[in-house]
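Here's the structure we're looking at; comments come further down.
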Amino acid sequence: MPLQPCSPRHVLVLNCGSSSLKFAILDATTSDEIISGLAERLGSETPSIKYKYKGNKQVIELANGQAHDAAIAELVNLVNSLGLADNLIAVGHRVVHGGEHFTESVLIDNDVLSAIEKTAALAPLHNPANLLGIRTAQQAFSTLPQIAVFDTAFHQTMPNIAYLYALPYSLYKEHGVRRYGFHGTSHFYVAGEAAKLLGKEREQTNVISAHLGNGCSVCAIKDGNSVDTSMGLTPLEGLVMGTRSGSIDPGLFTFLTQQLNYSVQEIDDLLNKQSGLLGISELSNDCRTIEEAAVAGHQQANLALDIFCYRLAKQIAAFMVPLQRLDALIFTGGIGENSDIIRKKVITQLGFLGLICDDQANLAARFGHAGLITQGDAFTKAFVIPTNEEWVIANDAARIAKEC
């Protein structure tokens, strides 16, 4: 009797932001992407949904002021009209902050929703939006299991010497003030891919992963586990980012409030929305724009890139303390995957680790192309590995849905 092909196991992945909704349907068996898209400017005068299906790009215009519920309703109609609903087995949700409640992905129930809600104080820009997406999807896909996948979960293996601040211990015990880290799904994925490229098991590898986009973080991964990361209680700590300052002297708060009469909200806006590459260059938070200006001789654009790369290289070097041995450095995220300029600057500053940039390979590893970007006989390797957080979410959701 001929073998029957396995039934497709499709997962709808939702990543809900405050005014956007990123979505994709992936085959959890093959990792193939069936459809993907972005609903953006939700709640504004011109909301829309852009999606790609079978190589074709389409746009659905939404009515003035329509928000997440309307976008998901339109997504449901789209999924049904394309005949994609029958193969769906679960909905996977990206949730930014899981606090200490969650060390792995979980099936969403009332207790999980309550815990995500309690953690919203630690991620006020992210968790409320994630909750909105979950509740809307529960109504729209009421028969499907809903799974939460947390950005912070991967970092729950950090030791207390890495995650505790030197603050009164009561702030940690009573209010959960500690370093949590983010981009965990991305760091987890690329670490696994790096192990394959090295020909080792994940549990045998020591790597440093640099996720570089508008938000940036570095993660030290020892024997497959996160042992330190650059982001902290919030996604503001650590590296220079697109519009975020990264780590600063906390005394700046006193100076800004007492000397310049800044309010708490104005300081928050300054550090999160007006700083980083944008603040230094006074041009843009887009790395491509800054690189073009730097090549043209713009002094502050060059300064922004130099500061970005110096802080990044310094953080990577610091993570040799918990690792002791480095098998590979990984570049991922929009900047990490596409900026050969930044990668070379960073690798050059890390030459003492045995990294030697291969200029031709570095230039070739852009626009979706992965690969080794250091010389083959170099003591330590550096790779470009495109991240795939949606695949991790789909895989976890399919696994947990099967256990339901």
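Going by the structure tokens order, chains are called A, B, ..., each with residues numbered from 1, while ligands are numbered from 1 in the order shown.
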Rows by chain and residue number, range 166-203 of chain A within 8 Å of range 209-220 of chain A, shortest pair, only C-alpha atoms, as CSV:
```
residue,atom,partner,partner_atom,distance
A:Phe182,CA,A:Ser217,CA,7.5
A:His183,CA,A:Ser217,CA,7.2
A:Ser186,CA,A:His211,CA,7.4
A:His187,CA,A:Ser209,CA,6.1
A:Val190,CA,A:Ser209,CA,7.4
A:Ala191,CA,A:Ser209,CA,7.1
```
(request) Tell me which protein, DNA and RNA residues are within 6 Å of Gly65 in chain A, counting only C-alpha atoms, leaving out same-chain ones fewer than 2 positions away, and put them as a list in words. (result)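 What passes the distance filter is Gly43, Ser44 and Glu45 of chain A.
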Taking a cut-off of 12 Å and counting only C-alpha atoms, can you build a table that, for each residue of range 124-170 of chain A near range 229-239 of chain A, reports the nearest atom pair and how far apart they are in Å (one decimal), sorted by chain then residue number, as JSON lines?
```
{"residue": "A:Pro124", "atom": "CA", "partner": "A:Thr234", "partner_atom": "CA", "distance": 9.6}
{"residue": "A:Leu125", "atom": "CA", "partner": "A:Thr234", "partner_atom": "CA", "distance": 10.2}
{"residue": "A:His126", "atom": "CA", "partner": "A:Pro235", "partner_atom": "CA", "distance": 10.3}
{"residue": "A:Asn127", "atom": "CA", "partner": "A:Thr234", "partner_atom": "CA", "distance": 11.8}
{"residue": "A:Asp151", "atom": "CA", "partner": "A:Pro235", "partner_atom": "CA", "distance": 10.7}
{"residue": "A:Thr152", "atom": "CA", "partner": "A:Gly232", "partner_atom": "CA", "distance": 10.1}
{"residue": "A:Phe154", "atom": "CA", "partner": "A:Thr229", "partner_atom": "CA", "distance": 10.4}
{"residue": "A:His155", "atom": "CA", "partner": "A:Thr229", "partner_atom": "CA", "distance": 7.7}
{"residue": "A:Gln156", "atom": "CA", "partner": "A:Thr229", "partner_atom": "CA", "distance": 10.8}
{"residue": "A:Thr157", "atom": "CA", "partner": "A:Thr229", "partner_atom": "CA", "distance": 10.9}
{"residue": "A:Met158", "atom": "CA", "partner": "A:Thr229", "partner_atom": "CA", "distance": 8.5}
{"residue": "A:Pro159", "atom": "CA", "partner": "A:Thr229", "partner_atom": "CA", "distance": 11.2}
{"residue": "A:Ala162", "atom": "CA", "partner": "A:Thr229", "partner_atom": "CA", "distance": 8.2}
{"residue": "A:Tyr163", "atom": "CA", "partner": "A:Gly232", "partner_atom": "CA", "distance": 7.8}
{"residue": "A:Leu164", "atom": "CA", "partner": "A:Gly232", "partner_atom": "CA", "distance": 9.5}
{"residue": "A:Tyr165", "atom": "CA", "partner": "A:Gly232", "partner_atom": "CA", "distance": 9.3}
```
(request) Could you give me, as a list in words, the residues within 8 Å of Thr348 in chain A, counting only C-alpha atoms and dropping anything in the same chain fewer than 5 positions from it? (result)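 Counting only the stated atoms, we get Leu355, Ile356 and Cys357 of chain A.
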Output file for the residues above (all heavy atoms, as a PDB file, in the first residue's frame):
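Full text of result_33.pdb as output:
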```
ATOM      1  N   LEU A 355      39.797  37.093  14.651  1.00  0.00           N
ATOM      2  CA  LEU A 355      38.884  37.318  13.528  1.00  0.00           C
ATOM      3  C   LEU A 355      39.597  38.102  12.429  1.00  0.00           C
ATOM      4  O   LEU A 355      40.195  39.158  12.690  1.00  0.00           O
ATOM      5  CB  LEU A 355      37.646  38.091  13.990  1.00  0.00           C
ATOM      6  CG  LEU A 355      36.691  37.348  14.930  1.00  0.00           C
ATOM      7  CD1 LEU A 355      35.791  38.335  15.651  1.00  0.00           C
ATOM      8  CD2 LEU A 355      35.857  36.351  14.152  1.00  0.00           C
ATOM      9  N   ILE A 356      39.516  37.613  11.203  1.00  0.00           N
ATOM     10  CA  ILE A 356      40.107  38.294  10.051  1.00  0.00           C
ATOM     11  C   ILE A 356      39.042  38.361   8.960  1.00  0.00           C
ATOM     12  O   ILE A 356      38.603  37.332   8.434  1.00  0.00           O
ATOM     13  CB  ILE A 356      41.358  37.556   9.519  1.00  0.00           C
ATOM     14  CG1 ILE A 356      42.392  37.365  10.634  1.00  0.00           C
ATOM     15  CG2 ILE A 356      41.961  38.313   8.347  1.00  0.00           C
ATOM     16  CD1 ILE A 356      43.553  36.483  10.231  1.00  0.00           C
ATOM     17  N   CYS A 357      38.602  39.571   8.628  1.00  0.00           N
ATOM     18  CA  CYS A 357      37.502  39.735   7.670  1.00  0.00           C
ATOM     19  C   CYS A 357      37.927  39.316   6.264  1.00  0.00           C
ATOM     20  O   CYS A 357      39.007  39.666   5.782  1.00  0.00           O
ATOM     21  CB  CYS A 357      37.047  41.191   7.660  1.00  0.00           C
ATOM     22  SG  CYS A 357      35.550  41.484   6.676  1.00  0.00           S
TER      23      CYS A 357
END
```
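Closest to Phe102 in chain A among A:Ala148, A:Gln274, A:Arg9, A:Gly333 is A:Ala148, based on only C-alpha atoms.
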(request) Write out as a ChimeraX atom specification all residues of range 15-248 of chain A that backbone DSSP assigns to helix (DSSP H, G or I). (result) /A:68-81,85-87,110-122,127-140,153-157,160-163,169-175,184-198,202-204
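Counting only C-alpha atoms and comparing A:Ala361, A:Leu305, A:Ile400, A:Leu42, the residue that lies closest to Ile335 in chain A is A:Leu305.
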(request) Excluding range 222-224 of chain A and any residue of its chain fewer than 5 positions from it, enumerate the residues within 7 Å of it, using only C-alpha atoms, and give them as a ChimeraX atom specification. (result) /A:202-207,323
Could the residues in this selection be written to a file with N, CA and C atoms, as a tab-separated table (two decimals), in the first residue's frame?
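Output file out_25.tsv is given in full below:
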```tsv
chain	number	residue	atom	x	y	z
A	202	ARG	N	24.37	21.90	19.28
A	202	ARG	CA	24.12	23.19	19.92
A	202	ARG	C	24.76	23.24	21.31
A	203	GLU	N	24.63	22.15	22.06
A	203	GLU	CA	25.11	22.09	23.43
A	203	GLU	C	26.64	22.09	23.54
A	204	GLN	N	27.32	22.02	22.40
A	204	GLN	CA	28.79	22.00	22.41
A	204	GLN	C	29.38	23.31	21.92
A	205	THR	N	28.54	24.30	21.63
A	205	THR	CA	29.03	25.52	21.01
A	205	THR	C	28.96	26.72	21.94
A	206	ASN	N	29.96	27.58	21.81
A	206	ASN	CA	29.99	28.89	22.46
A	206	ASN	C	29.99	29.95	21.37
A	207	VAL	N	28.93	30.75	21.30
A	207	VAL	CA	28.82	31.76	20.26
A	207	VAL	C	28.36	33.09	20.86
A	323	LEU	N	32.14	33.50	28.47
A	323	LEU	CA	32.31	32.40	27.52
A	323	LEU	C	33.68	31.72	27.62
```
(message) Nearest residue to Gly354 in chain A out of A:Gly99, A:Ile385, A:Asp340, A:Ala317, using only C-alpha atoms?
(response) A:Ala317
DSSP-assigned strand (DSSP E or B) among range 238-336 of chain A, expressed as a CSV table (one decimal) with N, CA, C and O atoms, in the first residue's frame:
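Below is the file states_5.csv, written as the result:
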```
chain,number,residue,atom,x,y,z
A,328,ALA,N,32.2,31.1,17.4
A,328,ALA,CA,31.7,31.9,16.3
A,328,ALA,C,31.1,33.2,16.8
A,328,ALA,O,30.4,33.2,17.8
A,329,LEU,N,31.2,34.2,16.0
A,329,LEU,CA,30.4,35.5,16.1
A,329,LEU,C,29.4,35.5,15.0
A,329,LEU,O,29.7,35.2,13.8
A,330,ILE,N,28.2,35.8,15.4
A,330,ILE,CA,27.0,35.8,14.4
A,330,ILE,C,26.5,37.2,14.2
A,330,ILE,O,26.2,37.9,15.2
A,331,PHE,N,26.3,37.6,13.0
A,331,PHE,CA,25.6,38.9,12.7
A,331,PHE,C,24.2,38.5,12.1
A,331,PHE,O,24.1,37.7,11.2
A,332,THR,N,23.2,39.1,12.7
A,332,THR,CA,21.8,38.9,12.2
A,332,THR,C,21.0,40.1,12.3
A,332,THR,O,21.5,41.2,12.8
```
(message) Could you check the closest approach to Ile89 in chain A for each of A:Phe319, A:Tyr53, A:Phe383, A:Phe141 and tell me which residue wins, using only C-alpha atoms?
(response)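 Looking at the shortest contact to Ile89 in chain A, the residue is A:Phe141.
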(message) Just want the 7 Å neighbourhood of range 393-398 of chain A, counted on only C-alpha atoms, with same-chain residues fewer than 4 positions away dropped. Output as a PyMOL selection string.
(response) chain A and resi 11+13+26+28+90-92+105+147+149+389+402
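By chain and then residue number, the residues within 8 Å of Val59 in chain A are Ser48, Ile49, Lys50 and Tyr51 of chain A, counting only C-alpha atoms and disregarding those fewer than 3 positions away in sequence.
Separating CA of Ser142 in chain A from CA of Val76 in chain A is a distance of 11.6 Å.
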(request) Find the distance between CA of Asp69 in chain A and CA of Leu113 in chain A and write it in Å to one decimal. (result) 17.9 Å
(request) Identify which of the residues A:Ala71, A:Val295, A:Leu198, A:Leu271 lies closest to Thr380 in chain A, counting only C-alpha atoms when measuring atom-to-atom distances. (result) A:Leu198
